[in-house]
file my_file.cif (mmCIF, N, CA and C atoms)
data_input
loop_
_atom_site.label_atom_id
_atom_site.label_comp_id
_atom_site.auth_asym_id
_atom_site.auth_seq_id
_atom_site.Cartn_x
_atom_site.Cartn_y
_atom_site.Cartn_z
N MET A 9 15.38 -7.09 -4.78
CA MET A 9 14.30 -6.28 -5.32
C MET A 9 13.02 -6.57 -4.53
N LEU A 10 12.22 -5.53 -4.35
CA LEU A 10 10.95 -5.64 -3.63
C LEU A 10 9.81 -5.20 -4.53
N THR A 11 8.63 -5.78 -4.28
CA THR A 11 7.40 -5.32 -4.92
C THR A 11 6.44 -4.85 -3.84
N TYR A 12 5.93 -3.63 -3.99
CA TYR A 12 4.89 -3.12 -3.11
C TYR A 12 3.57 -3.48 -3.78
N ASP A 13 2.81 -4.37 -3.13
CA ASP A 13 1.60 -4.96 -3.72
C ASP A 13 0.37 -4.41 -3.00
N LEU A 14 -0.55 -3.81 -3.74
CA LEU A 14 -1.81 -3.31 -3.19
C LEU A 14 -2.94 -4.18 -3.71
N THR A 15 -3.70 -4.76 -2.78
CA THR A 15 -4.79 -5.67 -3.16
C THR A 15 -6.04 -5.37 -2.33
N SER A 16 -7.14 -5.92 -2.81
CA SER A 16 -8.38 -5.98 -2.05
C SER A 16 -8.92 -7.39 -2.26
N ASP A 17 -9.25 -8.05 -1.20
CA ASP A 17 -9.66 -9.47 -1.27
C ASP A 17 -8.63 -10.32 -1.99
N GLY A 18 -7.35 -9.97 -1.85
CA GLY A 18 -6.27 -10.75 -2.44
C GLY A 18 -6.05 -10.53 -3.92
N LYS A 19 -6.76 -9.55 -4.53
CA LYS A 19 -6.66 -9.32 -5.97
C LYS A 19 -6.22 -7.89 -6.27
N ASN A 20 -5.55 -7.73 -7.41
CA ASN A 20 -5.14 -6.39 -7.85
C ASN A 20 -6.22 -5.70 -8.68
N GLU A 21 -7.32 -6.40 -8.95
CA GLU A 21 -8.46 -5.80 -9.65
C GLU A 21 -9.74 -6.38 -9.06
N VAL A 22 -10.63 -5.50 -8.61
CA VAL A 22 -11.91 -5.93 -8.04
C VAL A 22 -13.03 -5.11 -8.63
N THR A 23 -14.23 -5.68 -8.61
CA THR A 23 -15.43 -4.99 -9.06
C THR A 23 -16.35 -4.79 -7.86
N VAL A 24 -16.79 -3.56 -7.67
CA VAL A 24 -17.61 -3.20 -6.51
C VAL A 24 -18.75 -2.29 -6.97
N LYS A 25 -19.58 -1.86 -6.03
CA LYS A 25 -20.63 -0.90 -6.36
C LYS A 25 -20.60 0.27 -5.38
N LYS A 26 -21.26 1.35 -5.75
CA LYS A 26 -21.30 2.54 -4.92
C LYS A 26 -21.78 2.17 -3.53
N GLY A 27 -21.11 2.71 -2.51
CA GLY A 27 -21.48 2.46 -1.13
C GLY A 27 -20.68 1.33 -0.49
N ASP A 28 -20.06 0.47 -1.29
CA ASP A 28 -19.24 -0.61 -0.74
C ASP A 28 -18.02 -0.03 -0.02
N VAL A 29 -17.55 -0.74 0.96
CA VAL A 29 -16.31 -0.39 1.65
C VAL A 29 -15.30 -1.49 1.33
N ILE A 30 -14.16 -1.09 0.79
CA ILE A 30 -13.11 -2.06 0.47
C ILE A 30 -11.95 -1.91 1.43
N THR A 31 -11.30 -3.02 1.71
CA THR A 31 -10.08 -3.00 2.51
C THR A 31 -8.90 -3.12 1.57
N VAL A 32 -8.02 -2.15 1.60
CA VAL A 32 -6.80 -2.16 0.79
C VAL A 32 -5.69 -2.76 1.66
N THR A 33 -5.04 -3.80 1.15
CA THR A 33 -3.95 -4.46 1.87
C THR A 33 -2.64 -4.14 1.17
N TYR A 34 -1.68 -3.67 1.95
CA TYR A 34 -0.34 -3.33 1.44
C TYR A 34 0.63 -4.40 1.90
N THR A 35 1.21 -5.12 0.93
CA THR A 35 2.14 -6.21 1.20
C THR A 35 3.45 -5.93 0.48
N ILE A 36 4.55 -6.26 1.14
CA ILE A 36 5.86 -6.20 0.48
C ILE A 36 6.27 -7.62 0.15
N LYS A 37 6.69 -7.83 -1.10
CA LYS A 37 7.12 -9.15 -1.55
C LYS A 37 8.53 -9.08 -2.10
N ARG A 38 9.34 -10.07 -1.74
CA ARG A 38 10.69 -10.19 -2.32
C ARG A 38 10.55 -10.78 -3.71
N THR A 39 11.32 -10.26 -4.65
CA THR A 39 11.26 -10.77 -6.02
C THR A 39 12.63 -11.20 -6.52
N ASP A 40 13.57 -11.36 -5.58
CA ASP A 40 14.93 -11.74 -5.98
C ASP A 40 15.40 -13.04 -5.32
N ASN A 41 14.46 -13.88 -4.92
CA ASN A 41 14.74 -15.21 -4.37
C ASN A 41 15.53 -15.20 -3.08
N GLN A 42 15.55 -14.11 -2.37
CA GLN A 42 16.15 -14.07 -1.04
C GLN A 42 15.04 -14.31 -0.01
N GLU A 43 15.43 -14.75 1.17
CA GLU A 43 14.42 -15.08 2.18
C GLU A 43 14.03 -13.91 3.06
N ALA A 44 14.96 -13.01 3.31
CA ALA A 44 14.63 -11.90 4.21
C ALA A 44 15.52 -10.70 3.90
N TYR A 45 15.07 -9.56 4.34
CA TYR A 45 15.82 -8.32 4.18
C TYR A 45 15.96 -7.66 5.54
N SER A 46 17.11 -7.13 5.83
CA SER A 46 17.26 -6.22 6.94
C SER A 46 17.10 -4.84 6.33
N ILE A 47 16.06 -4.16 6.72
CA ILE A 47 15.70 -2.91 6.06
C ILE A 47 15.92 -1.73 7.00
N ASN A 48 16.57 -0.73 6.46
CA ASN A 48 16.78 0.50 7.21
C ASN A 48 15.55 1.39 7.11
N ALA A 49 14.90 1.41 5.95
CA ALA A 49 13.72 2.26 5.79
C ALA A 49 12.89 1.82 4.59
N ILE A 50 11.58 1.91 4.74
CA ILE A 50 10.66 1.79 3.61
C ILE A 50 9.74 3.00 3.66
N GLN A 51 9.32 3.43 2.51
CA GLN A 51 8.34 4.51 2.41
C GLN A 51 7.40 4.17 1.28
N ASN A 52 6.12 4.32 1.54
CA ASN A 52 5.14 4.17 0.48
C ASN A 52 4.04 5.20 0.68
N GLU A 53 3.90 6.06 -0.29
CA GLU A 53 2.83 7.04 -0.31
C GLU A 53 1.76 6.42 -1.21
N ILE A 54 0.67 5.97 -0.61
CA ILE A 54 -0.39 5.28 -1.35
C ILE A 54 -1.48 6.29 -1.68
N LYS A 55 -1.66 6.53 -2.97
CA LYS A 55 -2.61 7.54 -3.43
C LYS A 55 -3.88 6.86 -3.94
N TYR A 56 -5.01 7.39 -3.53
CA TYR A 56 -6.29 6.90 -4.04
C TYR A 56 -7.00 8.03 -4.77
N ASP A 57 -7.88 7.68 -5.69
CA ASP A 57 -8.59 8.64 -6.51
C ASP A 57 -9.80 9.17 -5.73
N ALA A 58 -9.73 10.45 -5.32
CA ALA A 58 -10.77 11.05 -4.49
C ALA A 58 -12.11 11.21 -5.21
N GLU A 59 -12.13 11.09 -6.53
CA GLU A 59 -13.40 11.13 -7.26
C GLU A 59 -14.16 9.81 -7.11
N PHE A 60 -13.46 8.77 -6.70
CA PHE A 60 -14.05 7.44 -6.59
C PHE A 60 -14.18 6.95 -5.15
N PHE A 61 -13.34 7.46 -4.23
CA PHE A 61 -13.28 6.91 -2.88
C PHE A 61 -13.21 7.99 -1.81
N ASP A 62 -13.76 7.66 -0.64
CA ASP A 62 -13.56 8.41 0.59
C ASP A 62 -12.80 7.52 1.56
N PHE A 63 -11.83 8.07 2.27
CA PHE A 63 -11.11 7.32 3.28
C PHE A 63 -12.01 7.10 4.49
N VAL A 64 -12.02 5.89 5.03
CA VAL A 64 -12.79 5.56 6.23
C VAL A 64 -11.92 5.91 7.44
N SER A 65 -12.38 6.87 8.23
CA SER A 65 -11.61 7.35 9.38
C SER A 65 -11.20 6.22 10.32
N ASP A 66 -10.00 6.35 10.86
CA ASP A 66 -9.46 5.40 11.85
C ASP A 66 -9.41 3.97 11.35
N SER A 67 -9.24 3.77 10.05
CA SER A 67 -9.26 2.40 9.50
C SER A 67 -7.88 1.82 9.24
N ILE A 68 -6.82 2.57 9.49
CA ILE A 68 -5.48 2.03 9.25
C ILE A 68 -5.13 1.01 10.33
N THR A 69 -4.69 -0.15 9.88
CA THR A 69 -4.15 -1.14 10.82
C THR A 69 -2.74 -1.45 10.38
N ALA A 70 -1.87 -1.60 11.33
CA ALA A 70 -0.48 -1.91 11.04
C ALA A 70 -0.24 -3.37 11.38
N ALA A 71 -0.07 -4.20 10.36
CA ALA A 71 0.20 -5.61 10.58
C ALA A 71 1.67 -5.81 10.93
N LYS A 72 2.52 -4.98 10.36
CA LYS A 72 3.96 -5.07 10.60
C LYS A 72 4.38 -3.85 11.39
N GLY A 73 5.11 -4.04 12.44
CA GLY A 73 5.52 -2.90 13.23
C GLY A 73 6.74 -3.17 14.07
N GLU A 74 7.64 -4.04 13.60
CA GLU A 74 8.88 -4.31 14.33
C GLU A 74 9.67 -3.03 14.51
N GLY A 75 9.67 -2.21 13.48
CA GLY A 75 10.37 -0.95 13.55
C GLY A 75 9.45 0.11 14.10
N LYS A 76 9.49 1.27 13.51
CA LYS A 76 8.65 2.37 13.94
C LYS A 76 7.73 2.70 12.78
N LEU A 77 6.62 1.97 12.69
CA LEU A 77 5.70 2.17 11.58
C LEU A 77 4.99 3.50 11.76
N LEU A 78 5.07 4.31 10.74
CA LEU A 78 4.38 5.59 10.73
C LEU A 78 3.28 5.49 9.70
N GLU A 79 2.09 5.80 10.12
CA GLU A 79 1.00 5.86 9.15
C GLU A 79 0.25 7.16 9.36
N LYS A 80 -0.13 7.80 8.27
CA LYS A 80 -0.88 9.04 8.38
C LYS A 80 -1.65 9.27 7.10
N ILE A 81 -2.60 10.16 7.19
CA ILE A 81 -3.44 10.54 6.05
C ILE A 81 -3.12 11.99 5.73
N GLU A 82 -2.98 12.27 4.44
CA GLU A 82 -2.77 13.65 4.02
C GLU A 82 -3.40 13.79 2.64
N GLY A 83 -4.50 14.50 2.57
CA GLY A 83 -5.21 14.62 1.29
C GLY A 83 -5.72 13.26 0.85
N GLU A 84 -5.38 12.88 -0.37
CA GLU A 84 -5.79 11.57 -0.90
C GLU A 84 -4.65 10.57 -0.81
N ARG A 85 -3.84 10.68 0.22
CA ARG A 85 -2.67 9.81 0.35
C ARG A 85 -2.62 9.19 1.74
N VAL A 86 -2.28 7.92 1.75
CA VAL A 86 -2.04 7.19 2.99
C VAL A 86 -0.54 6.88 3.00
N TYR A 87 0.16 7.31 4.03
CA TYR A 87 1.59 7.06 4.14
C TYR A 87 1.81 5.87 5.07
N MET A 88 2.62 4.90 4.64
CA MET A 88 3.02 3.80 5.51
C MET A 88 4.53 3.66 5.38
N ASN A 89 5.23 4.12 6.40
CA ASN A 89 6.68 4.12 6.41
C ASN A 89 7.17 3.33 7.61
N ASP A 90 8.31 2.67 7.48
CA ASP A 90 8.86 1.87 8.58
C ASP A 90 10.38 2.00 8.55
N ILE A 91 11.01 1.85 9.72
CA ILE A 91 12.47 1.91 9.78
C ILE A 91 13.00 0.80 10.68
N ASN A 92 14.24 0.42 10.42
CA ASN A 92 14.98 -0.51 11.26
C ASN A 92 14.22 -1.80 11.57
N THR A 93 13.97 -2.58 10.57
CA THR A 93 13.23 -3.82 10.76
C THR A 93 13.71 -4.89 9.79
N ASN A 94 13.19 -6.08 9.93
CA ASN A 94 13.49 -7.18 9.01
C ASN A 94 12.21 -7.60 8.31
N TYR A 95 12.33 -7.91 7.03
CA TYR A 95 11.17 -8.34 6.27
C TYR A 95 11.41 -9.71 5.68
N ASP A 96 10.43 -10.57 5.84
CA ASP A 96 10.49 -11.90 5.24
C ASP A 96 10.23 -11.79 3.75
N ALA A 97 10.13 -12.96 3.08
CA ALA A 97 9.93 -12.98 1.63
C ALA A 97 8.64 -12.27 1.21
N ALA A 98 7.61 -12.34 2.03
CA ALA A 98 6.37 -11.60 1.78
C ALA A 98 5.77 -11.27 3.14
N VAL A 99 5.44 -10.02 3.35
CA VAL A 99 4.88 -9.61 4.64
C VAL A 99 3.84 -8.51 4.43
N GLU A 100 2.72 -8.65 5.13
CA GLU A 100 1.70 -7.62 5.09
C GLU A 100 2.12 -6.49 6.00
N VAL A 101 2.20 -5.30 5.44
CA VAL A 101 2.63 -4.13 6.22
C VAL A 101 1.44 -3.51 6.94
N GLY A 102 0.30 -3.38 6.24
CA GLY A 102 -0.87 -2.78 6.86
C GLY A 102 -2.05 -2.74 5.92
N THR A 103 -3.18 -2.26 6.45
CA THR A 103 -4.41 -2.14 5.67
C THR A 103 -5.08 -0.81 5.99
N PHE A 104 -5.99 -0.41 5.12
CA PHE A 104 -6.88 0.71 5.38
C PHE A 104 -8.13 0.52 4.54
N LYS A 105 -9.18 1.29 4.86
CA LYS A 105 -10.47 1.11 4.18
C LYS A 105 -10.85 2.37 3.40
N LEU A 106 -11.49 2.11 2.26
CA LEU A 106 -12.03 3.17 1.42
C LEU A 106 -13.50 2.88 1.13
N ARG A 107 -14.33 3.93 1.16
CA ARG A 107 -15.74 3.80 0.79
C ARG A 107 -15.87 4.25 -0.66
N VAL A 108 -16.58 3.46 -1.47
CA VAL A 108 -16.78 3.76 -2.88
C VAL A 108 -17.87 4.83 -2.99
N ILE A 109 -17.55 5.97 -3.62
CA ILE A 109 -18.53 7.06 -3.74
C ILE A 109 -18.97 7.28 -5.18
N ALA A 110 -18.28 6.67 -6.13
CA ALA A 110 -18.65 6.82 -7.54
C ALA A 110 -19.68 5.77 -7.93
N SER A 111 -20.46 6.08 -8.96
CA SER A 111 -21.48 5.14 -9.45
C SER A 111 -20.98 4.25 -10.56
N SER A 112 -19.95 4.70 -11.28
CA SER A 112 -19.43 3.91 -12.40
C SER A 112 -17.99 4.34 -12.70
N GLY A 113 -17.35 3.56 -13.56
CA GLY A 113 -15.97 3.87 -13.95
C GLY A 113 -15.00 2.97 -13.21
N SER A 114 -13.74 3.41 -13.19
CA SER A 114 -12.74 2.65 -12.43
C SER A 114 -11.78 3.63 -11.77
N GLY A 115 -11.41 3.29 -10.56
CA GLY A 115 -10.50 4.12 -9.79
C GLY A 115 -9.25 3.34 -9.45
N LYS A 116 -8.18 4.07 -9.21
CA LYS A 116 -6.88 3.45 -8.89
C LYS A 116 -6.50 3.75 -7.46
N VAL A 117 -5.81 2.77 -6.87
CA VAL A 117 -5.10 2.95 -5.62
C VAL A 117 -3.68 2.55 -5.95
N GLU A 118 -2.73 3.50 -5.83
CA GLU A 118 -1.40 3.23 -6.35
C GLU A 118 -0.29 3.69 -5.42
N SER A 119 0.82 2.96 -5.48
CA SER A 119 2.02 3.30 -4.72
C SER A 119 2.77 4.39 -5.46
N THR A 120 3.05 5.50 -4.75
CA THR A 120 3.84 6.58 -5.32
C THR A 120 4.89 6.98 -4.30
N GLU A 121 5.88 7.73 -4.70
CA GLU A 121 6.92 8.19 -3.78
C GLU A 121 7.43 7.03 -2.91
N ARG A 122 7.77 5.94 -3.56
CA ARG A 122 8.17 4.73 -2.84
C ARG A 122 9.69 4.64 -2.73
N ILE A 123 10.13 4.20 -1.56
CA ILE A 123 11.56 4.08 -1.28
C ILE A 123 11.78 2.83 -0.43
N ALA A 124 12.90 2.17 -0.63
CA ALA A 124 13.36 1.11 0.27
C ALA A 124 14.87 1.21 0.34
N ARG A 125 15.41 1.09 1.55
CA ARG A 125 16.86 1.14 1.74
C ARG A 125 17.28 -0.02 2.64
N ASP A 126 18.41 -0.61 2.30
CA ASP A 126 18.91 -1.74 3.10
C ASP A 126 19.67 -1.24 4.33
N SER A 127 20.24 -2.18 5.08
CA SER A 127 20.91 -1.83 6.34
C SER A 127 22.15 -0.96 6.14
N ASN A 128 22.67 -0.91 4.90
CA ASN A 128 23.79 -0.02 4.57
C ASN A 128 23.32 1.30 4.00
N ASN A 129 22.01 1.54 4.04
CA ASN A 129 21.36 2.74 3.52
C ASN A 129 21.45 2.84 1.99
N ALA A 130 21.67 1.71 1.32
CA ALA A 130 21.68 1.67 -0.14
C ALA A 130 20.25 1.43 -0.64
N ASP A 131 19.90 2.06 -1.75
CA ASP A 131 18.56 1.88 -2.33
C ASP A 131 18.33 0.44 -2.75
N ILE A 132 17.13 -0.04 -2.49
CA ILE A 132 16.66 -1.33 -2.97
C ILE A 132 15.66 -1.02 -4.09
N THR A 133 15.77 -1.70 -5.21
CA THR A 133 14.84 -1.48 -6.31
C THR A 133 13.43 -1.91 -5.90
N VAL A 134 12.45 -1.05 -6.19
CA VAL A 134 11.06 -1.31 -5.84
C VAL A 134 10.21 -1.24 -7.09
N THR A 135 9.38 -2.28 -7.30
CA THR A 135 8.36 -2.25 -8.34
C THR A 135 7.00 -2.26 -7.64
N THR A 136 5.93 -2.05 -8.41
CA THR A 136 4.61 -1.98 -7.78
C THR A 136 3.58 -2.81 -8.55
N ASN A 137 2.63 -3.32 -7.81
CA ASN A 137 1.38 -3.88 -8.34
C ASN A 137 0.28 -3.05 -7.70
N ASP A 138 -0.32 -2.17 -8.48
CA ASP A 138 -1.34 -1.29 -7.95
C ASP A 138 -2.72 -1.96 -8.02
N LEU A 139 -3.70 -1.32 -7.37
CA LEU A 139 -5.06 -1.84 -7.28
C LEU A 139 -5.97 -1.04 -8.21
N THR A 140 -6.72 -1.76 -9.05
CA THR A 140 -7.75 -1.15 -9.88
C THR A 140 -9.11 -1.58 -9.35
N VAL A 141 -9.97 -0.61 -9.12
CA VAL A 141 -11.31 -0.88 -8.61
C VAL A 141 -12.32 -0.46 -9.67
N ILE A 142 -13.05 -1.44 -10.19
CA ILE A 142 -14.06 -1.18 -11.22
C ILE A 142 -15.40 -1.02 -10.51
N ILE A 143 -16.08 0.08 -10.80
CA ILE A 143 -17.36 0.35 -10.14
C ILE A 143 -18.47 0.06 -11.13
N GLY A 144 -19.36 -0.83 -10.74
CA GLY A 144 -20.50 -1.19 -11.59
C GLY A 144 -21.65 -1.64 -10.74
N ASP A 145 -22.74 -2.04 -11.36
CA ASP A 145 -23.91 -2.45 -10.59
C ASP A 145 -24.00 -3.97 -10.41
N GLY A 146 -23.04 -4.69 -10.93
CA GLY A 146 -23.13 -6.15 -10.76
C GLY A 146 -21.77 -6.73 -10.62
#
call {"tool": "encode", "arguments": {"input": "my_file.cif", "output": "structure tokens"}}
result
Amino acid sequence: MLTYDLTSDGKNEVTVKKGDVITVTYTIKRTDNQEAYSINAIQNEIKYDAEFFDFVSDSITAAKGEGKLLEKIEGERVYMNDINTNYDAAVEVGTFKLRVIASSGSGKVESTERIARDSNNADITVTTNDLTVIIGDG
């Protein structure tokens, strides 16, 4: 089993203010006590709330790229997909930046349309830890 973990500053919940730029880190973590996976494919469509954030152009970095990491922006979604690679117990796949445009409230950055398949093309169970961003003045 895998967990797709979205964090900022290493946390799944952060407090920021309007105008701040946050770095979203996407990490895959093993949750079944195995050391590594030979993965045929991963897909993660990471959706952010456009009422709260603007995507910072050219901010995607790919930390993991043994396979063929595909990253793209489409609407309010960042796609990070990879094929034919090996993953350790926890590995950072990539990062991207969002500018906070809301003055208050809380916005989500969440994994949707997520898939993982092993070397036999069998589905691997995926859970998620999404990112909550609380916007305030302090």
call {"tool": "residues_around", "arguments": {"input": "my_file.cif", "residues": "Leu106 of chain A", "least_positions_apart": "6", "cutoff": "12 Å", "atoms": "only C-alpha atoms", "output": "PDB file with N, CA and C atoms, in the frame of the given file"}}
result
ATOM      1  N   SER A  16      -7.140  -5.920  -2.810  1.00  0.00           N
ATOM      2  CA  SER A  16      -8.380  -5.980  -2.050  1.00  0.00           C
ATOM      3  C   SER A  16      -8.920  -7.390  -2.260  1.00  0.00           C
ATOM      4  N   VAL A  24     -16.790  -3.560  -7.670  1.00  0.00           N
ATOM      5  CA  VAL A  24     -17.610  -3.200  -6.510  1.00  0.00           C
ATOM      6  C   VAL A  24     -18.750  -2.290  -6.970  1.00  0.00           C
ATOM      7  N   LYS A  26     -21.260   1.350  -5.750  1.00  0.00           N
ATOM      8  CA  LYS A  26     -21.300   2.540  -4.920  1.00  0.00           C
ATOM      9  C   LYS A  26     -21.780   2.170  -3.530  1.00  0.00           C
ATOM     10  N   GLY A  27     -21.110   2.710  -2.510  1.00  0.00           N
ATOM     11  CA  GLY A  27     -21.480   2.460  -1.130  1.00  0.00           C
ATOM     12  C   GLY A  27     -20.680   1.330  -0.490  1.00  0.00           C
ATOM     13  N   ASP A  28     -20.060   0.470  -1.290  1.00  0.00           N
ATOM     14  CA  ASP A  28     -19.240  -0.610  -0.740  1.00  0.00           C
ATOM     15  C   ASP A  28     -18.020  -0.030  -0.020  1.00  0.00           C
ATOM     16  N   VAL A  29     -17.550  -0.740   0.960  1.00  0.00           N
ATOM     17  CA  VAL A  29     -16.310  -0.390   1.650  1.00  0.00           C
ATOM     18  C   VAL A  29     -15.300  -1.490   1.330  1.00  0.00           C
ATOM     19  N   ILE A  30     -14.160  -1.090   0.790  1.00  0.00           N
ATOM     20  CA  ILE A  30     -13.110  -2.060   0.470  1.00  0.00           C
ATOM     21  C   ILE A  30     -11.950  -1.910   1.430  1.00  0.00           C
ATOM     22  N   THR A  31     -11.300  -3.020   1.710  1.00  0.00           N
ATOM     23  CA  THR A  31     -10.080  -3.000   2.510  1.00  0.00           C
ATOM     24  C   THR A  31      -8.900  -3.120   1.570  1.00  0.00           C
ATOM     25  N   VAL A  32      -8.020  -2.150   1.600  1.00  0.00           N
ATOM     26  CA  VAL A  32      -6.800  -2.160   0.790  1.00  0.00           C
ATOM     27  C   VAL A  32      -5.690  -2.760   1.660  1.00  0.00           C
ATOM     28  N   THR A  33      -5.040  -3.800   1.150  1.00  0.00           N
ATOM     29  CA  THR A  33      -3.950  -4.460   1.870  1.00  0.00           C
ATOM     30  C   THR A  33      -2.640  -4.140   1.170  1.00  0.00           C
ATOM     31  N   LYS A  55      -1.660   6.530  -2.970  1.00  0.00           N
ATOM     32  CA  LYS A  55      -2.610   7.540  -3.430  1.00  0.00           C
ATOM     33  C   LYS A  55      -3.880   6.860  -3.940  1.00  0.00           C
ATOM     34  N   TYR A  56      -5.010   7.390  -3.530  1.00  0.00           N
ATOM     35  CA  TYR A  56      -6.290   6.900  -4.040  1.00  0.00           C
ATOM     36  C   TYR A  56      -7.000   8.030  -4.770  1.00  0.00           C
ATOM     37  N   ASP A  57      -7.880   7.680  -5.690  1.00  0.00           N
ATOM     38  CA  ASP A  57      -8.590   8.640  -6.510  1.00  0.00           C
ATOM     39  C   ASP A  57      -9.800   9.170  -5.730  1.00  0.00           C
ATOM     40  N   ALA A  58      -9.730  10.450  -5.320  1.00  0.00           N
ATOM     41  CA  ALA A  58     -10.770  11.050  -4.490  1.00  0.00           C
ATOM     42  C   ALA A  58     -12.110  11.210  -5.210  1.00  0.00           C
ATOM     43  N   GLU A  59     -12.130  11.090  -6.530  1.00  0.00           N
ATOM     44  CA  GLU A  59     -13.400  11.130  -7.260  1.00  0.00           C
ATOM     45  C   GLU A  59     -14.160   9.810  -7.110  1.00  0.00           C
ATOM     46  N   PHE A  60     -13.460   8.770  -6.700  1.00  0.00           N
ATOM     47  CA  PHE A  60     -14.050   7.440  -6.590  1.00  0.00           C
ATOM     48  C   PHE A  60     -14.180   6.950  -5.150  1.00  0.00           C
ATOM     49  N   PHE A  61     -13.340   7.460  -4.230  1.00  0.00           N
ATOM     50  CA  PHE A  61     -13.280   6.910  -2.880  1.00  0.00           C
ATOM     51  C   PHE A  61     -13.210   7.990  -1.810  1.00  0.00           C
ATOM     52  N   ASP A  62     -13.760   7.660  -0.640  1.00  0.00           N
ATOM     53  CA  ASP A  62     -13.560   8.410   0.590  1.00  0.00           C
ATOM     54  C   ASP A  62     -12.800   7.520   1.560  1.00  0.00           C
ATOM     55  N   PHE A  63     -11.830   8.070   2.270  1.00  0.00           N
ATOM     56  CA  PHE A  63     -11.110   7.320   3.280  1.00  0.00           C
ATOM     57  C   PHE A  63     -12.010   7.100   4.490  1.00  0.00           C
ATOM     58  N   VAL A  64     -12.020   5.890   5.030  1.00  0.00           N
ATOM     59  CA  VAL A  64     -12.790   5.560   6.230  1.00  0.00           C
ATOM     60  C   VAL A  64     -11.920   5.910   7.440  1.00  0.00           C
ATOM     61  N   SER A  65     -12.380   6.870   8.230  1.00  0.00           N
ATOM     62  CA  SER A  65     -11.610   7.350   9.380  1.00  0.00           C
ATOM     63  C   SER A  65     -11.200   6.220  10.320  1.00  0.00           C
ATOM     64  N   ASP A  66     -10.000   6.350  10.860  1.00  0.00           N
ATOM     65  CA  ASP A  66      -9.460   5.400  11.850  1.00  0.00           C
ATOM     66  C   ASP A  66      -9.410   3.970  11.350  1.00  0.00           C
ATOM     67  N   SER A  67      -9.240   3.770  10.050  1.00  0.00           N
ATOM     68  CA  SER A  67      -9.260   2.400   9.500  1.00  0.00           C
ATOM     69  C   SER A  67      -7.880   1.820   9.240  1.00  0.00           C
ATOM     70  N   ILE A  68      -6.820   2.570   9.490  1.00  0.00           N
ATOM     71  CA  ILE A  68      -5.480   2.030   9.250  1.00  0.00           C
ATOM     72  C   ILE A  68      -5.130   1.010  10.330  1.00  0.00           C
ATOM     73  N   GLU A  84      -5.380  12.880  -0.370  1.00  0.00           N
ATOM     74  CA  GLU A  84      -5.790  11.570  -0.900  1.00  0.00           C
ATOM     75  C   GLU A  84      -4.650  10.570  -0.810  1.00  0.00           C
ATOM     76  N   ARG A  85      -3.840  10.680   0.220  1.00  0.00           N
ATOM     77  CA  ARG A  85      -2.670   9.810   0.350  1.00  0.00           C
ATOM     78  C   ARG A  85      -2.620   9.190   1.740  1.00  0.00           C
ATOM     79  N   VAL A  86      -2.280   7.920   1.750  1.00  0.00           N
ATOM     80  CA  VAL A  86      -2.040   7.190   2.990  1.00  0.00           C
ATOM     81  C   VAL A  86      -0.540   6.880   3.000  1.00  0.00           C
ATOM     82  N   GLY A 115     -11.410   3.290 -10.560  1.00  0.00           N
ATOM     83  CA  GLY A 115     -10.500   4.120  -9.790  1.00  0.00           C
ATOM     84  C   GLY A 115      -9.250   3.340  -9.450  1.00  0.00           C
ATOM     85  N   LYS A 116      -8.180   4.070  -9.210  1.00  0.00           N
ATOM     86  CA  LYS A 116      -6.880   3.450  -8.890  1.00  0.00           C
ATOM     87  C   LYS A 116      -6.500   3.750  -7.460  1.00  0.00           C
ATOM     88  N   VAL A 117      -5.810   2.770  -6.870  1.00  0.00           N
ATOM     89  CA  VAL A 117      -5.100   2.950  -5.620  1.00  0.00           C
ATOM     90  C   VAL A 117      -3.680   2.550  -5.950  1.00  0.00           C
ATOM     91  N   VAL A 141      -9.970  -0.610  -9.120  1.00  0.00           N
ATOM     92  CA  VAL A 141     -11.310  -0.880  -8.610  1.00  0.00           C
ATOM     93  C   VAL A 141     -12.320  -0.460  -9.670  1.00  0.00           C
TER      94      VAL A 141
END
call {"tool": "resolve_selection", "arguments": {"input": "my_file.cif", "expression": "the PyMOL selection byres ((chain A and resi 22) around 6)", "output": "list in words"}}
result
Lys19, Asn20, Glu21, Thr23, Val24, Thr140, Val141 and Ile142 of chain A
call {"tool": "closest_residue", "arguments": {"input": "my_file.cif", "among": "A:Val134, A:Ala70, A:Val108, A:Ala98", "to": "Gln51 of chain A", "atoms": "only C-alpha atoms"}}
result
A:Val134
call {"tool": "resolve_selection", "arguments": {"input": "my_file.cif", "expression": "the PyMOL selection byres ((chain A and resi 135) around 6)", "output": "PyMOL selection string"}}
result
chain A and resi 10-12+133-134+136-137
call {"tool": "atom_distance", "arguments": {"input": "my_file.cif", "atom1": "atom CA of Asp131 of chain A", "atom2": "atom CA of Ser46 of chain A"}}
result
12.4 Å
call {"tool": "closest_residue", "arguments": {"input": "my_file.cif", "among": "A:Ile36, A:Met9, A:Ala49, A:Ile143", "to": "Gly102 of chain A", "atoms": "only C-alpha atoms"}}
result
A:Ile36
call {"tool": "atom_distance", "arguments": {"input": "my_file.cif", "atom1": "atom N of Lys37 of chain A", "atom2": "atom C of Asn128 of chain A"}}
result
19.6 Å
call {"tool": "residues_near_point", "arguments": {"input": "my_file.cif", "point": "(2.3, -4.8, 2.8)", "cutoff": "5 Å", "atoms": "all atoms listed in the file", "output": "list in words"}}
result
Tyr34, Thr35, Ile36, Val99, Glu100, Val101 and Gly102 of chain A
